[in-house]
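Undergrad: What follows is the file work-v3.tsv, containing TSV, C-alpha atoms and all ligand atoms:
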chain	number	residue	atom	x	y	z
V	124	MET	CA	38.63	42.71	-37.90
V	125	ASN	CA	35.06	41.66	-37.03
V	126	ILE	CA	34.39	37.92	-36.84
V	127	LEU	CA	30.90	36.38	-36.70
V	128	ALA	CA	31.41	33.13	-34.76
V	129	PHE	CA	29.30	30.04	-34.06
V	130	GLU	CA	29.51	27.25	-31.49
V	131	SER	CA	27.36	24.10	-31.79
V	132	SER	CA	29.60	21.25	-30.61
V	133	CYS	CA	27.24	19.96	-27.93
V	134	ASP	CA	23.97	21.30	-26.54
V	135	GLU	CA	24.44	25.07	-26.82
V	136	THR	CA	23.71	26.98	-30.02
V	137	ALA	CA	25.77	30.15	-29.71
V	138	ALA	CA	26.67	33.08	-31.93
V	139	ALA	CA	28.86	36.12	-31.29
V	140	VAL	CA	30.61	39.00	-32.98
V	141	VAL	CA	34.17	39.63	-31.77
V	142	HIS	CA	36.50	42.48	-32.79
V	143	ASN	CA	40.22	41.68	-33.17
V	144	GLY	CA	39.98	38.62	-30.94
V	145	ARG	CA	39.50	40.60	-27.74
V	146	ARG	CA	36.42	42.84	-27.78
V	147	VAL	CA	33.05	41.09	-27.67
V	148	LEU	CA	30.42	43.10	-29.56
V	149	SER	CA	27.67	40.53	-28.99
V	150	ASP	CA	27.41	37.07	-27.46
V	151	VAL	CA	24.18	35.05	-27.48
V	152	VAL	CA	23.57	31.48	-26.34
V	153	SER	CA	20.53	29.25	-26.70
V	154	SER	CA	20.85	26.33	-24.28
V	155	GLN	CA	19.14	22.99	-24.87
V	156	ALA	CA	19.83	21.80	-21.30
V	157	ASP	CA	16.11	21.69	-20.40
V	158	ILE	CA	15.35	19.40	-23.36
V	159	HIS	CA	18.18	16.94	-22.60
V	160	ALA	CA	17.41	17.01	-18.86
V	161	LEU	CA	14.39	14.79	-19.66
V	162	TYR	CA	16.84	12.04	-20.72
V	163	GLY	CA	19.55	12.66	-18.08
V	164	GLY	CA	22.16	13.52	-20.73
V	165	VAL	CA	22.65	14.93	-24.23
V	166	VAL	CA	20.82	13.01	-27.00
V	167	PRO	CA	22.97	13.73	-30.09
V	168	GLU	CA	20.20	13.58	-32.72
V	169	ILE	CA	17.94	15.87	-30.69
V	170	ALA	CA	20.88	18.27	-30.23
V	171	SER	CA	21.51	18.46	-34.01
V	172	ARG	CA	17.85	19.08	-34.80
V	173	ARG	CA	17.55	21.82	-32.19
V	174	HIS	CA	20.71	23.52	-33.53
V	175	LEU	CA	19.07	23.55	-36.98
V	176	GLU	CA	15.91	25.10	-35.58
V	177	VAL	CA	17.58	28.03	-33.84
V	178	ILE	CA	20.84	28.81	-35.65
V	179	CYS	CA	19.38	31.36	-38.10
V	180	ALA	CA	17.72	33.26	-35.26
V	181	MET	CA	20.96	33.17	-33.23
V	182	ALA	CA	22.95	34.59	-36.17
V	183	ASP	CA	20.42	37.43	-36.61
V	184	LYS	CA	20.41	38.14	-32.89
V	185	ALA	CA	24.22	38.27	-32.66
V	186	LEU	CA	24.42	40.65	-35.62
V	187	GLU	CA	21.63	42.86	-34.32
V	188	LYS	CA	23.14	43.07	-30.82
V	189	SER	CA	26.58	43.90	-32.23
V	190	GLY	CA	25.17	46.99	-33.94
V	191	LEU	CA	26.92	45.92	-37.15
V	192	SER	CA	25.51	44.99	-40.54
V	193	ARG	CA	26.53	41.95	-42.61
V	194	ARG	CA	28.85	44.15	-44.64
V	195	ASP	CA	30.88	44.99	-41.51
V	196	ILE	CA	31.72	41.30	-40.95
V	197	ASP	CA	35.21	40.32	-42.21
V	198	ALA	CA	35.15	36.55	-41.56
V	199	VAL	CA	32.86	33.80	-40.27
V	200	ALA	CA	34.11	31.17	-37.80
V	201	ALA	CA	32.70	27.98	-36.29
V	202	THR	CA	33.78	25.16	-34.02
V	203	ALA	CA	34.87	22.35	-36.35
V	204	ALA	CA	36.16	19.79	-33.78
V	205	PRO	CA	35.87	18.01	-31.40
V	206	GLY	CA	32.25	17.35	-30.42
V	207	LEU	CA	29.06	15.59	-31.47
V	208	ILE	CA	29.47	15.22	-35.21
V	209	GLY	CA	25.87	16.03	-36.19
V	210	ALA	CA	25.82	19.03	-33.89
V	211	LEU	CA	29.18	20.32	-35.19
V	212	LEU	CA	28.05	19.98	-38.81
V	213	VAL	CA	25.12	22.35	-38.26
V	214	GLY	CA	27.28	25.25	-37.08
V	215	LEU	CA	30.12	24.48	-39.49
V	216	ASN	CA	27.92	24.32	-42.60
V	217	PHE	CA	25.92	27.37	-41.59
V	218	ALA	CA	29.14	29.34	-41.10
V	219	LYS	CA	30.71	28.09	-44.36
V	220	SER	CA	27.53	29.03	-46.26
V	221	ALA	CA	27.42	32.46	-44.67
V	222	ALA	CA	31.10	33.07	-45.52
V	223	PHE	CA	30.53	31.91	-49.10
V	224	ALA	CA	27.44	34.11	-49.50
V	225	LEU	CA	29.24	37.14	-48.08
V	226	GLY	CA	32.46	36.45	-50.01
V	227	ILE	CA	34.61	36.43	-46.89
V	228	PRO	CA	36.90	33.79	-45.28
V	229	PHE	CA	35.67	30.90	-43.18
V	230	ILE	CA	37.77	30.02	-40.11
V	231	PRO	CA	37.45	26.56	-38.50
V	232	VAL	CA	38.22	26.57	-34.77
V	233	HIS	CA	39.22	23.79	-32.36
V	234	HIS	CA	36.88	23.72	-29.35
V	235	ILE	CA	39.68	23.32	-26.78
V	236	ARG	CA	41.64	26.23	-28.28
V	237	ALA	CA	38.43	28.29	-28.07
V	238	HIS	CA	38.01	27.48	-24.37
V	239	VAL	CA	41.61	28.63	-23.79
V	240	ALA	CA	40.84	31.84	-25.74
V	241	ALA	CA	38.03	32.75	-23.33
V	242	ASN	CA	40.94	34.04	-21.22
V	243	TYR	CA	41.96	36.54	-23.95
V	244	ILE	CA	38.51	38.11	-23.72
V	245	ALA	CA	38.49	38.26	-19.93
V	246	PHE	CA	42.08	39.46	-19.57
V	247	PRO	CA	43.27	41.97	-22.22
V	248	GLU	CA	46.79	41.91	-20.77
V	249	LEU	CA	47.18	38.13	-21.15
V	250	SER	CA	49.25	36.63	-23.94
V	251	PRO	CA	51.06	33.27	-24.36
V	252	PRO	CA	53.13	31.53	-23.13
V	253	PHE	CA	51.13	30.10	-20.23
V	254	LEU	CA	49.99	26.77	-18.83
V	255	CYS	CA	46.25	26.15	-19.02
V	256	LEU	CA	44.08	23.65	-17.16
V	257	VAL	CA	41.18	22.87	-19.51
V	258	ILE	CA	38.33	21.15	-17.67
V	259	SER	CA	34.99	20.64	-19.40
V	260	GLY	CA	32.22	18.09	-19.87
V	261	GLY	CA	34.20	16.28	-22.56
V	262	HIS	CA	37.86	17.03	-21.78
V	263	SER	CA	40.32	17.35	-18.91
V	264	LEU	CA	43.83	18.30	-19.84
V	265	ILE	CA	46.86	20.41	-19.07
V	266	ALA	CA	47.95	22.42	-22.10
V	267	ALA	CA	51.23	24.27	-22.58
V	268	VAL	CA	50.09	27.25	-24.67
V	269	ARG	CA	53.37	28.30	-26.28
V	270	ASP	CA	51.70	30.71	-28.70
V	271	TYR	CA	48.12	31.54	-29.77
V	272	THR	CA	48.07	28.59	-32.18
V	273	GLU	CA	50.78	26.40	-30.65
V	274	ILE	CA	49.45	24.07	-27.99
V	275	GLU	CA	51.10	21.02	-26.47
V	276	ILE	CA	49.28	18.59	-24.19
V	277	VAL	CA	51.39	17.77	-21.12
V	278	GLY	CA	48.73	15.75	-19.28
V	279	ALA	CA	45.17	14.56	-19.81
V	280	SER	CA	42.47	12.31	-18.39
V	281	ARG	CA	42.90	8.64	-19.26
V	282	ASP	CA	39.15	8.02	-19.00
V	283	ASP	CA	36.32	10.38	-18.03
V	284	ALA	CA	36.42	14.14	-18.12
V	285	ALA	CA	36.00	16.06	-14.84
V	286	GLY	CA	32.60	17.37	-16.00
V	287	GLU	CA	31.38	13.85	-16.79
V	288	ALA	CA	32.35	12.74	-13.28
V	289	PHE	CA	30.51	15.71	-11.72
V	290	ASP	CA	27.43	15.06	-13.86
V	291	LYS	CA	27.37	11.34	-13.05
V	292	CYS	CA	27.67	11.90	-9.29
V	293	ALA	CA	25.06	14.68	-9.43
V	294	ARG	CA	22.65	12.43	-11.32
V	295	LEU	CA	22.98	9.69	-8.69
V	296	MET	CA	22.33	12.31	-6.03
V	297	GLY	CA	19.06	13.15	-7.78
V	298	LEU	CA	20.18	16.52	-9.14
V	299	PRO	CA	18.95	17.64	-12.57
V	300	TYR	CA	21.20	17.44	-15.68
V	301	PRO	CA	23.77	18.96	-16.13
V	302	GLY	CA	24.49	18.49	-12.46
V	303	GLY	CA	27.95	20.05	-12.01
V	304	ALA	CA	26.73	23.52	-11.07
V	305	ALA	CA	23.93	22.15	-8.85
V	306	LEU	CA	26.40	19.86	-7.03
V	307	ASP	CA	28.73	22.82	-6.56
V	308	ALA	CA	25.93	24.93	-5.04
V	309	LEU	CA	24.88	22.04	-2.77
V	310	SER	CA	28.44	21.61	-1.47
V	311	ALA	CA	28.38	24.99	0.33
V	312	GLY	CA	28.42	24.31	4.05
V	313	GLY	CA	29.13	20.58	3.59
V	314	ASP	CA	31.98	18.75	5.34
V	315	ASP	CA	34.51	17.84	2.63
V	316	LEU	CA	36.18	15.22	4.90
V	317	LYS	CA	33.00	13.31	5.76
V	318	TYR	CA	33.18	10.89	2.80
V	319	PRO	CA	36.80	10.08	1.88
V	320	LEU	CA	36.91	9.33	-1.85
V	321	PRO	CA	39.88	7.96	-3.82
V	322	CYS	CA	42.38	9.88	-5.91
V	323	ALA	CA	44.10	8.06	-8.78
V	324	ASN	CA	47.70	8.05	-9.96
V	325	VAL	CA	48.58	7.04	-13.49
V	326	SER	CA	51.89	5.24	-13.21
V	327	GLY	CA	54.64	6.70	-15.36
V	328	ALA	CA	52.48	9.71	-16.34
V	329	PRO	CA	52.61	12.22	-13.47
V	330	TYR	CA	50.35	14.81	-15.15
V	331	ASP	CA	47.62	12.46	-16.38
V	332	PHE	CA	44.32	12.13	-14.50
V	333	SER	CA	41.74	9.43	-13.99
V	334	PHE	CA	38.19	9.91	-12.75
V	335	SER	CA	36.61	6.49	-13.37
V	336	GLY	CA	37.66	5.10	-9.95
V	337	LEU	CA	36.28	8.17	-8.20
V	338	LYS	CA	33.03	7.82	-10.15
V	339	THR	CA	32.72	4.14	-9.19
V	340	ALA	CA	33.46	4.92	-5.53
V	341	ALA	CA	30.67	7.53	-5.50
V	342	VAL	CA	28.27	5.10	-7.24
V	343	ASN	CA	29.04	2.38	-4.66
V	344	LEU	CA	28.69	4.77	-1.72
V	345	ILE	CA	25.29	6.02	-2.92
V	346	HIS	CA	23.95	2.55	-3.81
V	347	ASN	CA	25.17	0.93	-0.57
V	348	SER	CA	23.62	3.61	1.60
V	349	ALA	CA	20.32	3.30	-0.33
V	350	GLN	CA	20.34	-0.51	0.13
V	351	LYS	CA	21.03	-0.16	3.85
V	352	ASN	CA	18.55	2.68	4.13
V	353	ILE	CA	21.20	4.98	5.64
V	354	PRO	CA	20.55	8.57	4.54
V	355	LEU	CA	23.52	10.43	3.12
V	356	ASP	CA	24.47	13.96	4.13
V	357	MET	CA	24.12	15.35	0.59
V	358	PRO	CA	25.95	18.70	1.09
V	359	SER	CA	28.89	16.79	2.63
V	360	LEU	CA	28.89	14.25	-0.21
V	361	ALA	CA	28.91	17.13	-2.72
V	362	ALA	CA	31.77	18.82	-0.81
V	363	SER	CA	33.74	15.54	-0.53
V	364	PHE	CA	33.30	14.80	-4.25
V	365	SER	CA	34.36	18.34	-5.23
V	366	LYS	CA	37.44	17.99	-3.00
V	367	ALA	CA	38.32	14.65	-4.64
V	368	VAL	CA	38.09	16.13	-8.18
V	369	SER	CA	40.12	19.16	-7.15
V	370	ASP	CA	42.75	16.94	-5.45
V	371	GLU	CA	43.11	15.00	-8.71
V	372	LEU	CA	43.55	18.15	-10.81
V	373	VAL	CA	45.23	20.92	-8.85
V	374	PRO	CA	48.42	19.16	-7.56
V	375	ARG	CA	49.13	17.79	-11.07
V	376	PHE	CA	48.62	21.20	-12.63
V	377	CYS	CA	50.96	22.60	-9.97
V	378	GLY	CA	53.58	19.91	-10.67
V	379	ALA	CA	53.44	20.56	-14.42
V	380	ALA	CA	53.79	24.33	-13.86
V	381	ARG	CA	56.94	23.71	-11.80
V	382	GLU	CA	58.50	21.16	-14.15
V	383	TYR	CA	57.83	23.16	-17.31
V	384	GLY	CA	58.73	26.47	-15.67
V	385	PHE	CA	55.51	28.41	-16.38
V	386	GLU	CA	54.93	31.58	-14.37
V	387	THR	CA	51.50	32.31	-15.80
V	388	LEU	CA	48.59	29.92	-15.27
V	389	CYS	CA	45.08	29.91	-16.73
V	390	VAL	CA	41.99	27.78	-16.40
V	391	ALA	CA	39.22	27.16	-18.93
V	392	GLY	CA	36.10	25.07	-19.61
V	393	GLY	CA	32.74	24.57	-17.93
V	394	VAL	CA	34.21	22.93	-14.80
V	395	ALA	CA	36.41	26.02	-14.26
V	396	ALA	CA	33.21	27.50	-12.78
V	397	ASN	CA	33.56	25.14	-9.80
V	398	SER	CA	34.02	27.09	-6.59
V	399	ARG	CA	36.24	24.49	-4.86
V	400	ILE	CA	38.59	24.19	-7.83
V	401	ARG	CA	38.77	28.00	-8.17
V	402	ARG	CA	39.66	28.28	-4.46
V	403	ASP	CA	42.29	25.53	-4.58
V	404	LEU	CA	43.86	26.95	-7.75
V	405	THR	CA	44.09	30.40	-6.17
V	406	ALA	CA	45.85	28.99	-3.09
V	407	MET	CA	48.19	26.91	-5.28
V	408	ALA	CA	49.16	29.87	-7.47
V	409	GLN	CA	49.90	31.96	-4.39
V	410	LYS	CA	52.18	29.22	-3.05
V	411	LEU	CA	53.97	28.93	-6.38
V	412	GLY	CA	54.21	32.70	-6.82
V	413	CYS	CA	52.57	32.40	-10.25
V	414	GLY	CA	50.06	34.70	-11.92
V	415	LEU	CA	46.65	33.01	-12.17
V	416	PHE	CA	43.88	33.92	-14.61
V	417	ILE	CA	40.41	32.50	-13.98
V	418	PRO	CA	37.73	33.69	-16.41
V	419	PRO	CA	34.33	34.76	-15.10
V	420	VAL	CA	31.80	31.93	-14.88
V	421	SER	CA	29.93	33.37	-17.91
V	422	LEU	CA	32.97	32.64	-20.14
V	423	CYS	CA	33.75	29.16	-18.73
V	424	GLY	CA	30.89	27.24	-20.37
V	425	ASP	CA	30.36	26.86	-24.11
V	426	ASN	CA	29.90	30.18	-25.94
V	427	ALA	CA	30.69	31.62	-29.36
V	428	ALA	CA	32.67	34.65	-28.14
V	429	MET	CA	35.59	32.35	-27.30
V	430	VAL	CA	35.36	30.88	-30.83
V	431	GLY	CA	35.52	34.39	-32.32
V	432	ALA	CA	38.51	35.21	-30.12
V	433	GLN	CA	40.54	32.16	-31.18
V	434	ALA	CA	39.43	32.53	-34.82
V	435	TYR	CA	41.18	35.90	-34.98
V	436	TYR	CA	44.53	34.37	-33.99
V	437	GLU	CA	44.02	31.42	-36.38
V	438	PHE	CA	43.34	33.90	-39.19
V	439	VAL	CA	46.50	35.88	-38.36
V	440	LYS	CA	48.47	32.62	-38.78
V	441	GLY	CA	46.75	31.87	-42.12
V	442	HIS	CA	44.73	28.95	-40.73
V	443	VAL	CA	41.73	29.58	-42.94
V	444	GLY	CA	39.29	26.85	-43.99
V	445	ALA	CA	38.41	25.64	-47.46
V	446	THR	CA	34.80	25.32	-48.62
V	447	SER	CA	35.36	21.55	-48.34
V	448	GLN	CA	36.28	21.85	-44.65
V	449	ASN	CA	34.79	18.96	-42.67
V	450	ALA	CA	33.95	18.60	-38.97
V	451	PHE	CA	35.67	16.01	-36.75
V	452	ALA	CA	34.27	14.29	-33.66
V	453	THR	CA	37.79	13.96	-32.24
V	454	MET	CA	40.95	15.91	-32.93
V	455	GLU	CA	44.11	16.78	-30.99
V	456	PRO	CA	44.23	20.48	-30.06
V	457	GLY	CA	47.88	20.61	-31.13
V	458	ILE	CA	46.92	20.17	-34.80
V	459	SER	CA	46.00	23.33	-36.72
V	460	PHE	CA	43.36	23.31	-39.43
V	461	GLY	CA	44.98	23.61	-42.87
V	462	ALA	CA	46.11	26.89	-44.36
V	463	ALA	CA	44.05	28.43	-47.16
V	464	LYS	CA	43.33	26.19	-50.14
V	465	THR	CA	42.74	27.29	-53.73
V	466	ASP	CA	38.94	27.14	-53.43
V	467	GLN	CA	39.14	29.50	-50.45
V	468	VAL	CA	36.84	32.49	-50.79
V	469	THR	CA	38.51	35.72	-49.76
V	470	LYS	CA	37.35	39.28	-49.70
X	501	LIG	O1	32.80	23.47	-21.31
X	501	LIG	P1	31.40	23.02	-21.16
X	501	LIG	O2	30.32	24.05	-21.13
X	501	LIG	O3	31.01	22.01	-22.27
X	501	LIG	C1	31.91	21.09	-22.81
X	501	LIG	O4	32.72	21.46	-23.68
X	501	LIG	O5	31.83	19.93	-22.34
X	501	LIG	O6	31.37	22.16	-19.81
X	501	LIG	C2	30.17	21.60	-19.33
X	501	LIG	C3	30.49	20.85	-18.05
X	501	LIG	C4	29.30	20.02	-17.55
X	501	LIG	O7	29.78	18.73	-17.23
X	501	LIG	C5	28.86	20.77	-16.31
X	501	LIG	O8	28.23	19.99	-15.34
X	501	LIG	C6	30.18	21.33	-15.81
X	501	LIG	O9	30.82	21.77	-16.99
X	501	LIG	N1	30.02	22.45	-14.84
X	501	LIG	C7	30.45	22.38	-13.56
X	501	LIG	C8	30.10	23.63	-12.96
X	501	LIG	N2	29.49	24.39	-13.89
X	501	LIG	C9	29.46	23.66	-15.06
X	501	LIG	N3	31.07	21.40	-12.88
X	501	LIG	C10	31.37	21.63	-11.59
X	501	LIG	N4	31.07	22.80	-10.95
X	501	LIG	C11	30.45	23.81	-11.59
X	501	LIG	N5	30.16	24.94	-10.95
X	502	ZN	ZN	33.17	23.14	-24.15
Let me see the structure of the file written as structure tokens.
Ligand code: KG4
Ligand code: ZN
TA:
Amino acid sequence: MNILAFESSCDETAAAVVHNGRRVLSDVVSSQADIHALYGGVVPEIASRRHLEVICAMADKALEKSGLSRRDIDAVAATAAPGLIGALLVGLNFAKSAAFALGIPFIPVHHIRAHVAANYIAFPELSPPFLCLVISGGHSLIAAVRDYTEIEIVGASRDDAAGEAFDKCARLMGLPYPGGAALDALSAGGDDLKYPLPCANVSGAPYDFSFSGLKTAAVNLIHNSAQKNIPLDMPSLAASFSKAVSDELVPRFCGAAREYGFETLCVAGGVAANSRIRRDLTAMAQKLGCGLFIPPVSLCGDNAAMVGAQAYYEFVKGHVGATSQNAFATMEPGISFGAAKTDQVTK
């Protein structure tokens, strides 16, 4: 089954063709990061307009690169939640229209489930159940993936996402948006013990995270040193901050793996590209004697191949969208989009 998939939940317009959920025939991404860098963060209205400008070209490019024609496509998928509502609506409506025009099913996909599915592309041998640490610009959570479309959240951030914390700290350090990758690169060779930063515990919720205190501590450290005219050792600050984020995430993920008895662990989302977190996760998995799957950096950030991968498993379960399918700015990943309705177009 060949699925033409779209992702437009934030500032990447992406299209891909994926065969049977595992084999990527094409995968193209148009990033708006340079545009939003002018404002230090994503401007939702600008994101929606840019998606509109490029989505047709991205669809053509994905088809052309796949070597397939429109007639070879069996279904069209798009991220339908969560994300910036205007941005989501561009990809969703484009995909619904394409499915309607081609007379094939439309498959709505949850963005978090798609991030998890990036692992199915990278690791053909991987199948649920497993425990997945999903860390992105908008979400930080521990998900028990019981089956391809059965996900249970066992812990999550109470405030900011890990990516938001990285981006905020990077911005204060004068790094360009989105700063996570730049901060990571800067941390190489830094002393991770030079600037002790706080870790938070959420009482009564051992697998929940919090990053707002860490963010405030970094803000105060940077502002105080500027006021006192004391230069900061930037590589060491980057290394100390990365250590603090990793210390918040990895031990909790480890604890959840033990308590819930998972022997297979995965990681997903843009922040999964972070070198410190990848290192700490590898050491943790070795200690636990668990199998660990970390996708290549190219599959960690937002892309449409992961949407096409998850869409296949949603389709197998009958989770097909109606032509009235809406987008949602927020939605729990445990909820599946409805099964086929009567106005569903099928081949
Ligand atoms: O998953 P993603 O592409 O988009 C969302 O769904 O949010 O994640 C983007 C986030 C941004 O906050 C970005 O700074 C962060 O991932 N990121 C990193 C690294 N690469 C990307 N954070 C830390 N270290 C990295 N190497
Ligand atoms: Zn994402």
Undergrad: Sorted by chain and rising residue number, which residues of chain V lie within 6 Å of ligand ZN 502 (chain X), and what are their closest atom pairs and distances in Å to one decimal, counting all atoms listed in the file, as a tab-separated table?
TA:
residue	atom	partner	partner_atom	distance
V:Ser259	CA	X:ZN502	ZN	5.7
V:Gly392	CA	X:ZN502	ZN	5.7
V:Asp425	CA	X:ZN502	ZN	4.7
Undergrad: V:Lys351, V:Arg146, V:His234, V:Lys366: which is nearest V:Ser310, counting all atoms listed in the file?
TA: V:Lys366
Undergrad: Using only C-alpha atoms and all ligand atoms, find each residue with an atom at most 8 Å away from ligand LIG 501 (chain X) and format the answer as a PyMOL selection string.
TA: chain V and resi 132-133+206+234-235+238+258-262+285-290+300-308+365+391-398+420+423-426
Undergrad: Skipping near chain neighbours, those fewer than 2 positions away, what residues fall within 6 Å of stretch 324-337 of chain V using all atoms listed in the file, listed as a list in words?
TA: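 Residues near the query, excluding close chain neighbours: Gly278, Ala279, Ser280, Arg281, Asp282, Asp283, Pro321, Thr339, Ala340 and Arg375 of chain V.
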Undergrad: Quick one: of V:Met407, V:Ile230, V:Leu320, V:Ile169, who's nearest to V:Asp157, counting only C-alpha atoms?
TA: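 Of V:Met407, V:Ile230, V:Leu320, V:Ile169, the one nearest V:Asp157, counting only C-alpha atoms, is V:Ile169.
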Undergrad: Between V:Gln155, V:Ser189, V:Ser359, V:Asn347, which one has atoms that come closest to V:His142, using only C-alpha atoms?
TA: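 That would be V:Ser189, the residue with the smallest distance to V:His142.
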Undergrad: Hey, could you pull the box centre and edge lengths for stretch 435-439 of chain V, axis-aligned, 8 Å padding per side, all listed atoms, to one decimal in Å, as AutoDock Vina command-line options?
TA:
--center_x 43.8 --center_y 33.7 --center_z -36.6 --size_x 21.3 --size_y 20.5 --size_z 21.2
Undergrad: As a list in words, please: the residues near stretch 211-221 of chain V (cut-off 7 Å, only C-alpha atoms, same-chain neighbours under 5 positions excluded).
TA: Phe129, Glu130, Ser131, Ser132, Ser171, His174, Leu175, Val199, Ala200, Ala201, Thr202, Ala203, Gly206, Phe229, Thr446 and Ala450 of chain V
Undergrad: For the selection just defined, write its residues with C-alpha atoms to a file, as a JSON list (two decimals), keeping the file's coordinate frame.
TA:
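Here's the written file part-v4.json:
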[["chain", "number", "residue", "atom", "x", "y", "z"],
["V", 129, "PHE", "CA", 29.30, 30.04, -34.06],
["V", 130, "GLU", "CA", 29.51, 27.25, -31.49],
["V", 131, "SER", "CA", 27.36, 24.10, -31.79],
["V", 132, "SER", "CA", 29.60, 21.25, -30.61],
["V", 171, "SER", "CA", 21.51, 18.46, -34.01],
["V", 174, "HIS", "CA", 20.71, 23.52, -33.53],
["V", 175, "LEU", "CA", 19.07, 23.55, -36.98],
["V", 199, "VAL", "CA", 32.86, 33.80, -40.27],
["V", 200, "ALA", "CA", 34.11, 31.17, -37.80],
["V", 201, "ALA", "CA", 32.70, 27.98, -36.29],
["V", 202, "THR", "CA", 33.78, 25.16, -34.02],
["V", 203, "ALA", "CA", 34.87, 22.35, -36.35],
["V", 206, "GLY", "CA", 32.25, 17.35, -30.42],
["V", 229, "PHE", "CA", 35.67, 30.90, -43.18],
["V", 446, "THR", "CA", 34.80, 25.32, -48.62],
["V", 450, "ALA", "CA", 33.95, 18.60, -38.97]]
Undergrad: Interatomic distance between atom CA of V:Gly431 and atom CA of V:Ala160?
TA: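 Between atom CA of V:Gly431 and atom CA of V:Ala160 the gap works out to 28.5 Å.
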Undergrad: I'd like the neighbourhood of V:Phe385 as a ChimeraX atom specification, where a residue qualifies if any of its atoms comes within 12 Å (using all atoms listed in the file), though same-chain residues fewer than 5 positions away should be ignored.
TA: /V:251-255,266-269,376-380,408,411-415
Undergrad: Would you export the selected residues with C-alpha atoms as a compact mmCIF listing (two decimals), in the frame of the given file, please?
TA:
# COMPACT_ATOMS: atom_id res chain seq x y z
CA PRO V 251 51.06 33.27 -24.36
CA PRO V 252 53.13 31.53 -23.13
CA PHE V 253 51.13 30.10 -20.23
CA LEU V 254 49.99 26.77 -18.83
CA CYS V 255 46.25 26.15 -19.02
CA ALA V 266 47.95 22.42 -22.10
CA ALA V 267 51.23 24.27 -22.58
CA VAL V 268 50.09 27.25 -24.67
CA ARG V 269 53.37 28.30 -26.28
CA PHE V 376 48.62 21.20 -12.63
CA CYS V 377 50.96 22.60 -9.97
CA GLY V 378 53.58 19.91 -10.67
CA ALA V 379 53.44 20.56 -14.42
CA ALA V 380 53.79 24.33 -13.86
CA ALA V 408 49.16 29.87 -7.47
CA LEU V 411 53.97 28.93 -6.38
CA GLY V 412 54.21 32.70 -6.82
CA CYS V 413 52.57 32.40 -10.25
CA GLY V 414 50.06 34.70 -11.92
CA LEU V 415 46.65 33.01 -12.17
Undergrad: Point out the residue among V:Glu168, V:Glu176, V:Asp356, V:Glu273 with the least atom-to-atom distance to V:Asp314, counting only C-alpha atoms.
TA: V:Asp356
Undergrad: V:Met124: which residues within 7 Å, counting only C-alpha atoms, same-chain residues fewer than 2 positions away excluded, as a list in words?
TA: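 Here the qualifying residues turn out to be Ile126, His142, Asn143 and Asp197 of chain V.
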Undergrad: Considering only C-alpha atoms, return as a PyMOL selection string whatever protein or nucleic-acid residues lie within 7 Å of stretch 453-456 of chain V, sequence-local ones (same chain, fewer than 3 positions apart) excluded.
TA: chain V and resi 204-206+233+235-236+274
Undergrad: To one decimal in Å, tell me the separation between atom CA of V:Ser153 and atom CA of V:Ala137.
TA: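 These two atoms are separated by 6.1 Å.
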Undergrad: Starting from the point (23.3, 32.4, -33.3), work out which residues of protein, DNA or RNA have an atom no more than 8 Å away when counting only C-alpha atoms; state them as a PyMOL selection string.
TA: chain V and resi 129+136-139+151-153+177-185
Undergrad: Based on the selection just made, write C-alpha atoms of those residues as a PDB file, in the frame of the given file.
TA:
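So result14.pdb came out as:
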ATOM      1  CA  PHE V 129      29.300  30.040 -34.060  1.00  0.00           C
ATOM      2  CA  THR V 136      23.710  26.980 -30.020  1.00  0.00           C
ATOM      3  CA  ALA V 137      25.770  30.150 -29.710  1.00  0.00           C
ATOM      4  CA  ALA V 138      26.670  33.080 -31.930  1.00  0.00           C
ATOM      5  CA  ALA V 139      28.860  36.120 -31.290  1.00  0.00           C
ATOM      6  CA  VAL V 151      24.180  35.050 -27.480  1.00  0.00           C
ATOM      7  CA  VAL V 152      23.570  31.480 -26.340  1.00  0.00           C
ATOM      8  CA  SER V 153      20.530  29.250 -26.700  1.00  0.00           C
ATOM      9  CA  VAL V 177      17.580  28.030 -33.840  1.00  0.00           C
ATOM     10  CA  ILE V 178      20.840  28.810 -35.650  1.00  0.00           C
ATOM     11  CA  CYS V 179      19.380  31.360 -38.100  1.00  0.00           C
ATOM     12  CA  ALA V 180      17.720  33.260 -35.260  1.00  0.00           C
ATOM     13  CA  MET V 181      20.960  33.170 -33.230  1.00  0.00           C
ATOM     14  CA  ALA V 182      22.950  34.590 -36.170  1.00  0.00           C
ATOM     15  CA  ASP V 183      20.420  37.430 -36.610  1.00  0.00           C
ATOM     16  CA  LYS V 184      20.410  38.140 -32.890  1.00  0.00           C
ATOM     17  CA  ALA V 185      24.220  38.270 -32.660  1.00  0.00           C
TER      18      ALA V 185
END
